[in-house]
Amino acid sequence: MKIEEVKSTVKTQRISAHSHIKGLGLDENGFALPSASGLVGQEQAREAAGIVVDMIRSKKMAGRAVLLAGPPGTGKTAIALAIAQELGNKVPFCPMVGSEVYSSEIKKTEVLMENFRRAIGLRIRETKEVYEGEVTELTPVETENPAGGYGKTVSHVIIGLKTAKGSKQLKLDPSIYEALQKEKVEVGDVIYIEANSGAVKRQGRSDGYATEFDLEAEEYVPLPKGEVHKKKEVVQDVTLHDLDAANAKPQGGQDVLSMMGQLLKPKKTEITDKLRREINKVVDKYIDQGIAELVPGVLFIDEIHMLDIETFTYLHRALESAIAPIVIFATNRGRCVIRGTDDIVAPHGIPLDLLDRLVIIRTLPYSRSELEQILKLRANTEGLEIEAEALSALGEVGSRSTLRYAVQLLTPASLTAKTNGRDNITKVDVEEVSSLFLDAKSSARILSDNKDKYMM
């Protein structure tokens, strides 16, 4: 399969717990503002992350790794997502958790390699001869079926295209009519048709139709400038995993054995190293010709201590490869046994040889005032009204237990307020839900005090 035909599978990552994060909150000199872009405190960690972002943008950090280390609830995942926000949509960002590698279907190393390839983008720029404009006419012309029978077939399609400078009427092959149907093109849409391949791309609805409805979930685009027939630079962003997956799919025959083989195949299949090497050769060729450029993205592995000694060894080798993304690890562990060994204790549960090549960013526990600011941000994001006294009470709960627990109490407190006929959360609501639920520390203390009453 040609690279141009591969569609990107990158999706917008939505993580509700961090939906308020918009960036690192740094000023023009790279210094952290006390509270900005959804982040509060952690000034040193955010400034360090800002330097990492600059290194990624200048393409001087491929194959290197960063470790975010700190206690639970100190903003490690938030900082990683803020880095992704700073880099923008054009840089691939692939989040995963360490425990994802333990799949019953494919090898641990294959899961890691798949995510590595997801985090490496390929930007293809090509100047193509295209017909571009707003669709003014779309008429399929039918003829009698040459094979006989009652049905009719489309012999050709007549399509009218209009730009700011002129218009053209095209008589096109029936295969292009099928492509137009797949893209759901109708009169009033702005499209372009590649002259060589016949590929059709719908860009959106012409902005001349913007007042058609009061509310419409449609993207409007301006009427194209210039002539209908022109040369246009087409930019396509895909990841190396998209290329792997597209070329790994068997093209398959229609005989019984081929069809049975496709039915019996497991849902997830491994992509061979041989195929990846072939794709790398094609990618290198495109880069040498100046058609494409590599965009090293970010692979974020949370709970890195969940990986075992085998995967750490594989990570070490993968980081040294010619095509490697920027890798950000996160962990909340101190000194612990490396998974997959019996007695090797290491900082953060990471082997020393891998730890030696990491840049470590430390996150610190939040102060009481910082906790209250974060809780206020979360309340605003969730559309909740909270009184100052209630916020202070939640801040006390957070400093006594964890920030995560305090954030989780916001919704129950809001529901309690509504039950009592109020729109805003008061201190009484917070105290009521605090008495109904237990945090992890309180639960552990109760278990310790009453261990004789529980089954072992």
# chains A, B, ... in the order shown; residues from 1 in each chain; ligands from 1
>>> residues_around(residues="Thr331 of chain A", least_positions_apart="5", cutoff="9 Å", atoms="only C-alpha atoms", output="ChimeraX atom specification")
/A:67-72,76,302-305,348-349
>>> atom_distance(atom1="atom CA of Ile120 of chain A", atom2="atom CA of Gly297 of chain A")
5.2 Å
>>> residues_around(residues="segment 371-380 of chain A", least_positions_apart="2", cutoff="7 Å", atoms="only C-alpha atoms", output="PDB file with N, CA, C and O atoms, in the first residue's frame")
ATOM      1  N   VAL A  40      -1.044  24.602  38.771  1.00  0.00           N
ATOM      2  CA  VAL A  40      -0.782  25.390  39.979  1.00  0.00           C
ATOM      3  C   VAL A  40       0.471  24.835  40.640  1.00  0.00           C
ATOM      4  O   VAL A  40       0.640  23.617  40.740  1.00  0.00           O
ATOM      5  N   TYR A 366       1.811  19.290  47.170  1.00  0.00           N
ATOM      6  CA  TYR A 366       1.227  20.635  47.109  1.00  0.00           C
ATOM      7  C   TYR A 366       1.012  21.196  48.507  1.00  0.00           C
ATOM      8  O   TYR A 366       0.733  20.451  49.460  1.00  0.00           O
ATOM      9  N   SER A 367       1.099  22.518  48.619  1.00  0.00           N
ATOM     10  CA  SER A 367       0.774  23.185  49.889  1.00  0.00           C
ATOM     11  C   SER A 367      -0.746  23.301  49.998  1.00  0.00           C
ATOM     12  O   SER A 367      -1.473  23.078  49.023  1.00  0.00           O
ATOM     13  N   ARG A 368      -1.230  23.691  51.164  1.00  0.00           N
ATOM     14  CA  ARG A 368      -2.673  23.816  51.410  1.00  0.00           C
ATOM     15  C   ARG A 368      -3.308  24.828  50.440  1.00  0.00           C
ATOM     16  O   ARG A 368      -4.357  24.567  49.849  1.00  0.00           O
ATOM     17  N   SER A 369      -2.661  25.978  50.256  1.00  0.00           N
ATOM     18  CA  SER A 369      -3.224  27.019  49.375  1.00  0.00           C
ATOM     19  C   SER A 369      -3.249  26.549  47.918  1.00  0.00           C
ATOM     20  O   SER A 369      -4.197  26.852  47.172  1.00  0.00           O
ATOM     21  N   GLU A 382     -15.920  21.700  36.055  1.00  0.00           N
ATOM     22  CA  GLU A 382     -17.117  20.851  36.141  1.00  0.00           C
ATOM     23  C   GLU A 382     -18.400  21.679  36.259  1.00  0.00           C
ATOM     24  O   GLU A 382     -19.494  21.116  36.375  1.00  0.00           O
ATOM     25  N   GLY A 383     -18.260  23.007  36.246  1.00  0.00           N
ATOM     26  CA  GLY A 383     -19.434  23.891  36.309  1.00  0.00           C
ATOM     27  C   GLY A 383     -20.105  23.890  37.664  1.00  0.00           C
ATOM     28  O   GLY A 383     -21.333  24.006  37.766  1.00  0.00           O
ATOM     29  N   LEU A 384     -19.306  23.768  38.734  1.00  0.00           N
ATOM     30  CA  LEU A 384     -19.858  23.728  40.100  1.00  0.00           C
ATOM     31  C   LEU A 384     -19.564  25.034  40.823  1.00  0.00           C
ATOM     32  O   LEU A 384     -18.487  25.616  40.656  1.00  0.00           O
ATOM     33  N   GLU A 385     -20.520  25.501  41.630  1.00  0.00           N
ATOM     34  CA  GLU A 385     -20.324  26.696  42.457  1.00  0.00           C
ATOM     35  C   GLU A 385     -19.992  26.248  43.874  1.00  0.00           C
ATOM     36  O   GLU A 385     -20.703  25.432  44.450  1.00  0.00           O
ATOM     37  N   LEU A 391     -14.474  25.376  50.194  1.00  0.00           N
ATOM     38  CA  LEU A 391     -13.189  25.168  49.516  1.00  0.00           C
ATOM     39  C   LEU A 391     -12.075  24.956  50.531  1.00  0.00           C
ATOM     40  O   LEU A 391     -11.213  24.073  50.360  1.00  0.00           O
ATOM     41  N   SER A 392     -12.115  25.722  51.589  1.00  0.00           N
ATOM     42  CA  SER A 392     -11.122  25.586  52.669  1.00  0.00           C
ATOM     43  C   SER A 392     -11.239  24.212  53.349  1.00  0.00           C
ATOM     44  O   SER A 392     -10.233  23.568  53.637  1.00  0.00           O
ATOM     45  N   GLY A 395      -9.827  21.681  51.056  1.00  0.00           N
ATOM     46  CA  GLY A 395      -8.360  21.793  51.094  1.00  0.00           C
ATOM     47  C   GLY A 395      -7.779  21.063  52.282  1.00  0.00           C
ATOM     48  O   GLY A 395      -6.738  20.401  52.186  1.00  0.00           O
ATOM     49  N   GLY A 398      -7.888  17.416  51.566  1.00  0.00           N
ATOM     50  CA  GLY A 398      -6.805  17.073  50.636  1.00  0.00           C
ATOM     51  C   GLY A 398      -5.460  16.997  51.316  1.00  0.00           C
ATOM     52  O   GLY A 398      -4.667  16.083  51.029  1.00  0.00           O
ATOM     53  N   LEU A 403      -4.900  14.789  47.193  1.00  0.00           N
ATOM     54  CA  LEU A 403      -5.594  15.718  46.295  1.00  0.00           C
ATOM     55  C   LEU A 403      -6.673  14.972  45.498  1.00  0.00           C
ATOM     56  O   LEU A 403      -7.776  15.471  45.318  1.00  0.00           O
ATOM     57  N   VAL A 407     -10.666  15.919  45.201  1.00  0.00           N
ATOM     58  CA  VAL A 407     -11.315  16.203  43.909  1.00  0.00           C
ATOM     59  C   VAL A 407     -12.539  15.304  43.723  1.00  0.00           C
ATOM     60  O   VAL A 407     -13.582  15.734  43.238  1.00  0.00           O
TER      61      VAL A 407
END
>>> residues_around(residues="segment 308-314 of chain A", least_positions_apart="3", cutoff="7 Å", atoms="only C-alpha atoms", output="list of chain:residue names")
A:Lys108, A:Thr109, A:Arg317, A:Ala318, A:Ile338, A:Arg339, A:Gly340
>>> select_by_dssp(residues="segment 102-321 of chain A", states="strand (DSSP E or B)", output="short mmCIF file (atom, residue, chain, number, x, y, z; two decimals) with N, CA, C and O atoms, in the first residue's frame")
data_model
loop_
_atom_site.label_atom_id
_atom_site.label_comp_id
_atom_site.auth_asym_id
_atom_site.auth_seq_id
_atom_site.Cartn_x
_atom_site.Cartn_y
_atom_site.Cartn_z
N ILE A 120 5.90 8.28 16.51
CA ILE A 120 6.78 8.87 15.48
C ILE A 120 5.94 9.22 14.27
O ILE A 120 5.32 8.34 13.65
N GLY A 121 5.89 10.49 13.96
CA GLY A 121 5.06 10.96 12.84
C GLY A 121 5.86 11.09 11.56
O GLY A 121 7.09 11.21 11.57
N LEU A 122 5.15 11.07 10.44
CA LEU A 122 5.75 11.30 9.13
C LEU A 122 4.88 12.35 8.42
O LEU A 122 3.70 12.13 8.22
N ARG A 123 5.49 13.50 8.13
CA ARG A 123 4.77 14.57 7.44
C ARG A 123 5.15 14.55 5.96
O ARG A 123 6.31 14.77 5.62
N ILE A 124 4.18 14.26 5.12
CA ILE A 124 4.43 14.13 3.68
C ILE A 124 3.92 15.38 2.99
O ILE A 124 2.76 15.75 3.12
N ARG A 125 4.82 16.04 2.25
CA ARG A 125 4.45 17.23 1.48
C ARG A 125 4.65 16.92 0.00
O ARG A 125 5.76 16.59 -0.42
N GLU A 126 3.59 17.02 -0.75
CA GLU A 126 3.68 16.76 -2.18
C GLU A 126 2.93 17.83 -2.96
O GLU A 126 1.85 18.27 -2.54
N THR A 127 3.53 18.24 -4.09
CA THR A 127 2.83 19.16 -4.99
C THR A 127 2.08 18.32 -6.01
O THR A 127 2.69 17.56 -6.78
N LYS A 128 0.76 18.40 -5.98
CA LYS A 128 -0.07 17.56 -6.85
C LYS A 128 -0.93 18.42 -7.78
O LYS A 128 -1.30 19.54 -7.43
N GLU A 129 -1.23 17.84 -8.93
CA GLU A 129 -2.12 18.48 -9.88
C GLU A 129 -3.55 18.13 -9.46
O GLU A 129 -3.91 16.95 -9.39
N VAL A 130 -4.35 19.15 -9.14
CA VAL A 130 -5.69 18.88 -8.61
C VAL A 130 -6.74 19.76 -9.29
O VAL A 130 -6.43 20.79 -9.91
N TYR A 131 -7.97 19.31 -9.18
CA TYR A 131 -9.14 20.11 -9.53
C TYR A 131 -9.81 20.46 -8.21
O TYR A 131 -10.25 19.56 -7.48
N GLU A 132 -9.87 21.76 -7.87
CA GLU A 132 -10.40 22.18 -6.56
C GLU A 132 -11.47 23.24 -6.75
O GLU A 132 -11.36 24.12 -7.60
N GLY A 133 -12.53 23.14 -5.95
CA GLY A 133 -13.56 24.16 -5.99
C GLY A 133 -14.82 23.74 -5.26
O GLY A 133 -14.89 22.65 -4.68
N GLU A 134 -15.81 24.63 -5.29
CA GLU A 134 -17.12 24.33 -4.69
C GLU A 134 -17.95 23.56 -5.71
O GLU A 134 -18.01 23.93 -6.89
N VAL A 135 -18.59 22.49 -5.25
CA VAL A 135 -19.40 21.66 -6.14
C VAL A 135 -20.69 22.40 -6.49
O VAL A 135 -21.47 22.75 -5.60
N THR A 136 -20.88 22.65 -7.81
CA THR A 136 -22.11 23.33 -8.26
C THR A 136 -23.07 22.34 -8.93
O THR A 136 -24.26 22.61 -9.05
N GLU A 137 -22.51 21.20 -9.39
CA GLU A 137 -23.33 20.20 -10.07
C GLU A 137 -22.74 18.82 -9.80
O GLU A 137 -21.52 18.66 -9.77
N LEU A 138 -23.59 17.85 -9.58
CA LEU A 138 -23.14 16.46 -9.36
C LEU A 138 -24.19 15.54 -9.97
O LEU A 138 -25.20 15.23 -9.35
N THR A 139 -23.94 15.10 -11.22
CA THR A 139 -24.93 14.31 -11.95
C THR A 139 -24.34 13.01 -12.47
O THR A 139 -23.49 13.03 -13.36
N PRO A 140 -24.75 11.87 -11.90
CA PRO A 140 -24.29 10.60 -12.47
C PRO A 140 -25.12 10.26 -13.72
O PRO A 140 -26.34 10.41 -13.72
N VAL A 141 -24.44 9.83 -14.78
CA VAL A 141 -25.13 9.47 -16.02
C VAL A 141 -25.19 7.94 -16.11
O VAL A 141 -24.15 7.27 -16.05
N GLU A 142 -26.41 7.40 -16.19
CA GLU A 142 -26.60 5.95 -16.19
C GLU A 142 -26.81 5.41 -17.60
O GLU A 142 -27.37 6.10 -18.46
N THR A 143 -26.35 4.18 -17.82
CA THR A 143 -26.60 3.48 -19.10
C THR A 143 -27.07 2.07 -18.81
O THR A 143 -26.98 1.60 -17.66
N GLU A 144 -27.53 1.39 -19.83
CA GLU A 144 -27.96 0.00 -19.66
C GLU A 144 -26.77 -0.85 -19.26
O GLU A 144 -25.65 -0.64 -19.72
N LYS A 152 -29.18 -0.74 -14.09
CA LYS A 152 -28.40 0.21 -14.88
C LYS A 152 -27.09 0.49 -14.16
O LYS A 152 -26.99 0.36 -12.94
N THR A 153 -26.07 0.87 -14.91
CA THR A 153 -24.77 1.19 -14.32
C THR A 153 -24.43 2.64 -14.62
O THR A 153 -24.90 3.22 -15.61
N VAL A 154 -23.57 3.24 -13.76
CA VAL A 154 -23.11 4.62 -13.97
C VAL A 154 -21.97 4.58 -14.98
O VAL A 154 -20.94 3.95 -14.75
N SER A 155 -22.16 5.24 -16.13
CA SER A 155 -21.11 5.24 -17.16
C SER A 155 -20.09 6.35 -16.90
O SER A 155 -18.90 6.19 -17.14
N HIS A 156 -20.54 7.49 -16.40
CA HIS A 156 -19.65 8.58 -16.02
C HIS A 156 -20.42 9.55 -15.12
O HIS A 156 -21.64 9.41 -14.94
N VAL A 157 -19.68 10.49 -14.53
CA VAL A 157 -20.32 11.47 -13.65
C VAL A 157 -19.92 12.87 -14.13
O VAL A 157 -18.76 13.11 -14.47
N ILE A 158 -20.90 13.77 -14.18
CA ILE A 158 -20.62 15.16 -14.56
C ILE A 158 -20.61 15.99 -13.28
O ILE A 158 -21.57 15.98 -12.51
N ILE A 159 -19.49 16.68 -13.07
CA ILE A 159 -19.34 17.46 -11.84
C ILE A 159 -18.91 18.88 -12.19
O ILE A 159 -18.03 19.09 -13.02
N GLY A 160 -19.58 19.85 -11.60
CA GLY A 160 -19.24 21.26 -11.80
C GLY A 160 -18.50 21.79 -10.60
O GLY A 160 -18.93 21.59 -9.47
N LEU A 161 -17.35 22.46 -10.83
CA LEU A 161 -16.54 23.04 -9.74
C LEU A 161 -16.37 24.53 -9.98
O LEU A 161 -16.12 24.97 -11.11
N LYS A 162 -16.49 25.32 -8.91
CA LYS A 162 -16.42 26.78 -9.00
C LYS A 162 -15.39 27.31 -8.01
O LYS A 162 -15.32 26.84 -6.86
N SER A 167 -14.92 28.72 -13.29
CA SER A 167 -15.60 27.43 -13.04
C SER A 167 -15.32 26.47 -14.18
O SER A 167 -14.96 26.89 -15.29
N LYS A 168 -15.48 25.17 -13.91
CA LYS A 168 -15.26 24.14 -14.92
C LYS A 168 -16.29 23.05 -14.74
O LYS A 168 -16.74 22.78 -13.61
N GLN A 169 -16.62 22.38 -15.85
CA GLN A 169 -17.50 21.22 -15.81
C GLN A 169 -16.66 20.01 -16.24
O GLN A 169 -16.04 20.02 -17.30
N LEU A 170 -16.62 18.97 -15.38
CA LEU A 170 -15.77 17.81 -15.63
C LEU A 170 -16.61 16.57 -15.89
O LEU A 170 -17.65 16.36 -15.24
N LYS A 171 -16.15 15.74 -16.83
CA LYS A 171 -16.79 14.44 -17.09
C LYS A 171 -15.80 13.39 -16.60
O LYS A 171 -14.72 13.23 -17.16
N LEU A 172 -16.17 12.69 -15.53
CA LEU A 172 -15.21 11.82 -14.83
C LEU A 172 -15.65 10.36 -14.82
O LEU A 172 -16.83 10.04 -15.04
N ASP A 189 -20.41 21.67 -1.27
CA ASP A 189 -19.19 21.25 -0.56
C ASP A 189 -17.97 21.72 -1.34
O ASP A 189 -17.99 21.81 -2.57
N VAL A 190 -16.87 22.00 -0.61
CA VAL A 190 -15.59 22.33 -1.23
C VAL A 190 -14.74 21.06 -1.23
O VAL A 190 -14.52 20.46 -0.18
N ILE A 191 -14.30 20.65 -2.44
CA ILE A 191 -13.54 19.39 -2.56
C ILE A 191 -12.33 19.63 -3.46
O ILE A 191 -12.23 20.66 -4.14
N TYR A 192 -11.38 18.66 -3.41
CA TYR A 192 -10.37 18.62 -4.47
C TYR A 192 -10.22 17.18 -4.95
O TYR A 192 -10.36 16.24 -4.18
N ILE A 193 -9.97 17.04 -6.26
CA ILE A 193 -9.79 15.73 -6.89
C ILE A 193 -8.38 15.69 -7.47
O ILE A 193 -8.01 16.58 -8.26
N GLU A 194 -7.59 14.69 -7.05
CA GLU A 194 -6.23 14.56 -7.59
C GLU A 194 -6.31 14.08 -9.04
O GLU A 194 -6.98 13.09 -9.34
N VAL A 200 -10.36 11.66 -3.95
CA VAL A 200 -11.26 12.79 -3.63
C VAL A 200 -11.11 13.15 -2.16
O VAL A 200 -11.12 12.26 -1.30
N LYS A 201 -11.00 14.42 -1.86
CA LYS A 201 -10.92 14.88 -0.47
C LYS A 201 -11.93 16.00 -0.25
O LYS A 201 -11.91 17.03 -0.92
N ARG A 202 -12.87 15.77 0.67
CA ARG A 202 -13.86 16.80 1.03
C ARG A 202 -13.25 17.67 2.12
O ARG A 202 -12.86 17.19 3.18
N GLN A 203 -13.17 19.00 1.84
CA GLN A 203 -12.53 19.92 2.80
C GLN A 203 -13.54 20.56 3.75
O GLN A 203 -13.17 21.01 4.82
N GLY A 204 -14.80 20.58 3.36
CA GLY A 204 -15.83 21.16 4.22
C GLY A 204 -16.93 21.78 3.37
O GLY A 204 -16.95 21.65 2.15
N ARG A 205 -17.85 22.46 4.03
CA ARG A 205 -18.97 23.11 3.36
C ARG A 205 -18.55 24.53 2.99
O ARG A 205 -17.86 25.19 3.77
N SER A 206 -18.95 25.00 1.82
CA SER A 206 -18.62 26.36 1.40
C SER A 206 -19.26 27.37 2.36
O SER A 206 -20.41 27.21 2.77
N TYR A 220 -17.13 25.03 7.98
CA TYR A 220 -17.25 25.86 6.79
C TYR A 220 -15.87 26.34 6.34
O TYR A 220 -15.04 26.71 7.17
N VAL A 221 -15.64 26.30 5.03
CA VAL A 221 -14.35 26.74 4.47
C VAL A 221 -14.61 27.77 3.39
O VAL A 221 -15.66 27.76 2.73
N HIS A 229 -8.35 24.15 -12.07
CA HIS A 229 -7.25 23.21 -12.34
C HIS A 229 -5.95 23.89 -11.92
O HIS A 229 -5.57 24.93 -12.48
N LYS A 230 -5.27 23.34 -10.93
CA LYS A 230 -4.07 23.99 -10.39
C LYS A 230 -3.11 22.97 -9.79
O LYS A 230 -3.43 21.79 -9.66
N LYS A 231 -1.95 23.48 -9.37
CA LYS A 231 -0.99 22.66 -8.62
C LYS A 231 -1.11 23.08 -7.17
O LYS A 231 -1.08 24.27 -6.85
N LYS A 232 -1.22 22.10 -6.28
CA LYS A 232 -1.48 22.40 -4.86
C LYS A 232 -0.56 21.54 -3.99
O LYS A 232 -0.35 20.36 -4.27
N GLU A 233 0.00 22.17 -2.93
CA GLU A 233 0.82 21.40 -1.99
C GLU A 233 -0.11 20.71 -0.98
O GLU A 233 -0.87 21.36 -0.27
N VAL A 234 -0.03 19.38 -1.00
CA VAL A 234 -0.88 18.58 -0.10
C VAL A 234 -0.01 18.06 1.04
O VAL A 234 1.04 17.45 0.82
N VAL A 235 -0.43 18.34 2.28
CA VAL A 235 0.32 17.89 3.47
C VAL A 235 -0.49 16.81 4.18
O VAL A 235 -1.67 16.99 4.46
N GLN A 236 0.16 15.68 4.43
CA GLN A 236 -0.51 14.56 5.11
C GLN A 236 0.33 14.12 6.31
O GLN A 236 1.55 13.95 6.19
N ASP A 237 -0.31 13.97 7.46
CA ASP A 237 0.39 13.51 8.68
C ASP A 237 -0.08 12.11 9.03
O ASP A 237 -1.28 11.88 9.24
N VAL A 238 0.87 11.18 9.10
CA VAL A 238 0.58 9.81 9.55
C VAL A 238 1.66 9.40 10.54
O VAL A 238 2.70 10.05 10.63
N THR A 239 1.42 8.33 11.28
CA THR A 239 2.46 7.79 12.16
C THR A 239 3.03 6.53 11.52
O THR A 239 2.41 5.94 10.63
N ALA A 292 9.15 13.90 2.34
CA ALA A 292 8.63 13.72 3.70
C ALA A 292 9.67 14.12 4.75
O ALA A 292 10.87 14.18 4.45
N GLU A 293 9.19 14.37 5.95
CA GLU A 293 10.09 14.60 7.08
C GLU A 293 9.57 13.86 8.31
O GLU A 293 8.36 13.72 8.50
N LEU A 294 10.51 13.37 9.12
CA LEU A 294 10.14 12.67 10.35
C LEU A 294 9.78 13.69 11.42
O LEU A 294 10.45 14.71 11.56
N VAL A 295 8.74 13.39 12.19
CA VAL A 295 8.33 14.25 13.31
C VAL A 295 8.37 13.39 14.57
O VAL A 295 7.41 12.69 14.88
N PRO A 296 9.52 13.39 15.30
CA PRO A 296 9.58 12.59 16.53
C PRO A 296 8.59 13.13 17.55
O PRO A 296 8.64 14.29 17.92
N VAL A 298 6.01 12.17 21.21
CA VAL A 298 6.24 11.84 22.63
C VAL A 298 5.50 10.56 22.99
O VAL A 298 4.30 10.43 22.72
N LEU A 299 6.23 9.62 23.58
CA LEU A 299 5.63 8.41 24.15
C LEU A 299 5.64 8.60 25.66
O LEU A 299 6.70 8.73 26.27
N PHE A 300 4.45 8.64 26.27
CA PHE A 300 4.34 8.83 27.71
C PHE A 300 3.96 7.49 28.36
O PHE A 300 2.90 6.94 28.08
N ILE A 301 4.86 6.96 29.18
CA ILE A 301 4.60 5.69 29.88
C ILE A 301 4.41 5.98 31.36
O ILE A 301 5.37 6.29 32.08
N ASP A 302 3.16 5.92 31.80
CA ASP A 302 2.86 6.13 33.23
C ASP A 302 3.10 4.83 33.98
O ASP A 302 3.04 3.74 33.41
N ASP A 308 8.83 -4.95 33.52
CA ASP A 308 9.77 -5.91 34.12
C ASP A 308 11.15 -5.78 33.48
O ASP A 308 11.37 -4.98 32.57
#
>>> select_by_dssp(residues="segment 224-361 of chain A", states="alpha helix (DSSP H)", output="PyMOL selection string")
chain A and resi 240-248+256-264+273-288+309-319+352-355
>>> closest_residue(among="A:Ala65, A:Ala32, A:Cys94, A:Leu223", to="Tyr209 of chain A", atoms="only C-alpha atoms")
A:Leu223
>>> atom_distance(atom1="atom CA of Tyr454 of chain A", atom2="atom CA of Ala406 of chain A")
27.6 Å
>>> atom_distance(atom1="atom CA of Glu100 of chain A", atom2="atom CA of Pro365 of chain A")
27.5 Å
>>> closest_residue(among="A:Thr77, A:Thr402, A:Asn115, A:Asn450", to="Pro325 of chain A", atoms="only C-alpha atoms")
A:Asn115
>>> decode(residues="segment 135-146 of chain A", atoms="N, CA, C and O atoms", output="tab-separated table (two decimals), in the first residue's frame")
chain	number	residue	atom	x	y	z
A	135	VAL	N	-18.59	22.49	-5.25
A	135	VAL	CA	-19.40	21.66	-6.14
A	135	VAL	C	-20.69	22.40	-6.49
A	135	VAL	O	-21.47	22.75	-5.60
A	136	THR	N	-20.88	22.65	-7.81
A	136	THR	CA	-22.11	23.33	-8.26
A	136	THR	C	-23.07	22.34	-8.93
A	136	THR	O	-24.26	22.61	-9.05
A	137	GLU	N	-22.51	21.20	-9.39
A	137	GLU	CA	-23.33	20.20	-10.07
A	137	GLU	C	-22.74	18.82	-9.80
A	137	GLU	O	-21.52	18.66	-9.77
A	138	LEU	N	-23.59	17.85	-9.58
A	138	LEU	CA	-23.14	16.46	-9.36
A	138	LEU	C	-24.19	15.54	-9.97
A	138	LEU	O	-25.20	15.23	-9.35
A	139	THR	N	-23.94	15.10	-11.22
A	139	THR	CA	-24.93	14.31	-11.95
A	139	THR	C	-24.34	13.01	-12.47
A	139	THR	O	-23.49	13.03	-13.36
A	140	PRO	N	-24.75	11.87	-11.90
A	140	PRO	CA	-24.29	10.60	-12.47
A	140	PRO	C	-25.12	10.26	-13.72
A	140	PRO	O	-26.34	10.41	-13.72
A	141	VAL	N	-24.44	9.83	-14.78
A	141	VAL	CA	-25.13	9.47	-16.02
A	141	VAL	C	-25.19	7.94	-16.11
A	141	VAL	O	-24.15	7.27	-16.05
A	142	GLU	N	-26.41	7.40	-16.19
A	142	GLU	CA	-26.60	5.95	-16.19
A	142	GLU	C	-26.81	5.41	-17.60
A	142	GLU	O	-27.37	6.10	-18.46
A	143	THR	N	-26.35	4.18	-17.82
A	143	THR	CA	-26.60	3.48	-19.10
A	143	THR	C	-27.07	2.07	-18.81
A	143	THR	O	-26.98	1.60	-17.66
A	144	GLU	N	-27.53	1.39	-19.83
A	144	GLU	CA	-27.96	0.00	-19.66
A	144	GLU	C	-26.77	-0.85	-19.26
A	144	GLU	O	-25.65	-0.64	-19.72
A	145	ASN	N	-27.03	-1.82	-18.40
A	145	ASN	CA	-25.97	-2.72	-17.94
A	145	ASN	C	-25.46	-3.55	-19.11
A	145	ASN	O	-26.21	-4.29	-19.73
A	146	PRO	N	-24.14	-3.44	-19.45
A	146	PRO	CA	-23.61	-4.19	-20.59
A	146	PRO	C	-23.65	-5.71	-20.37
A	146	PRO	O	-23.67	-6.49	-21.32
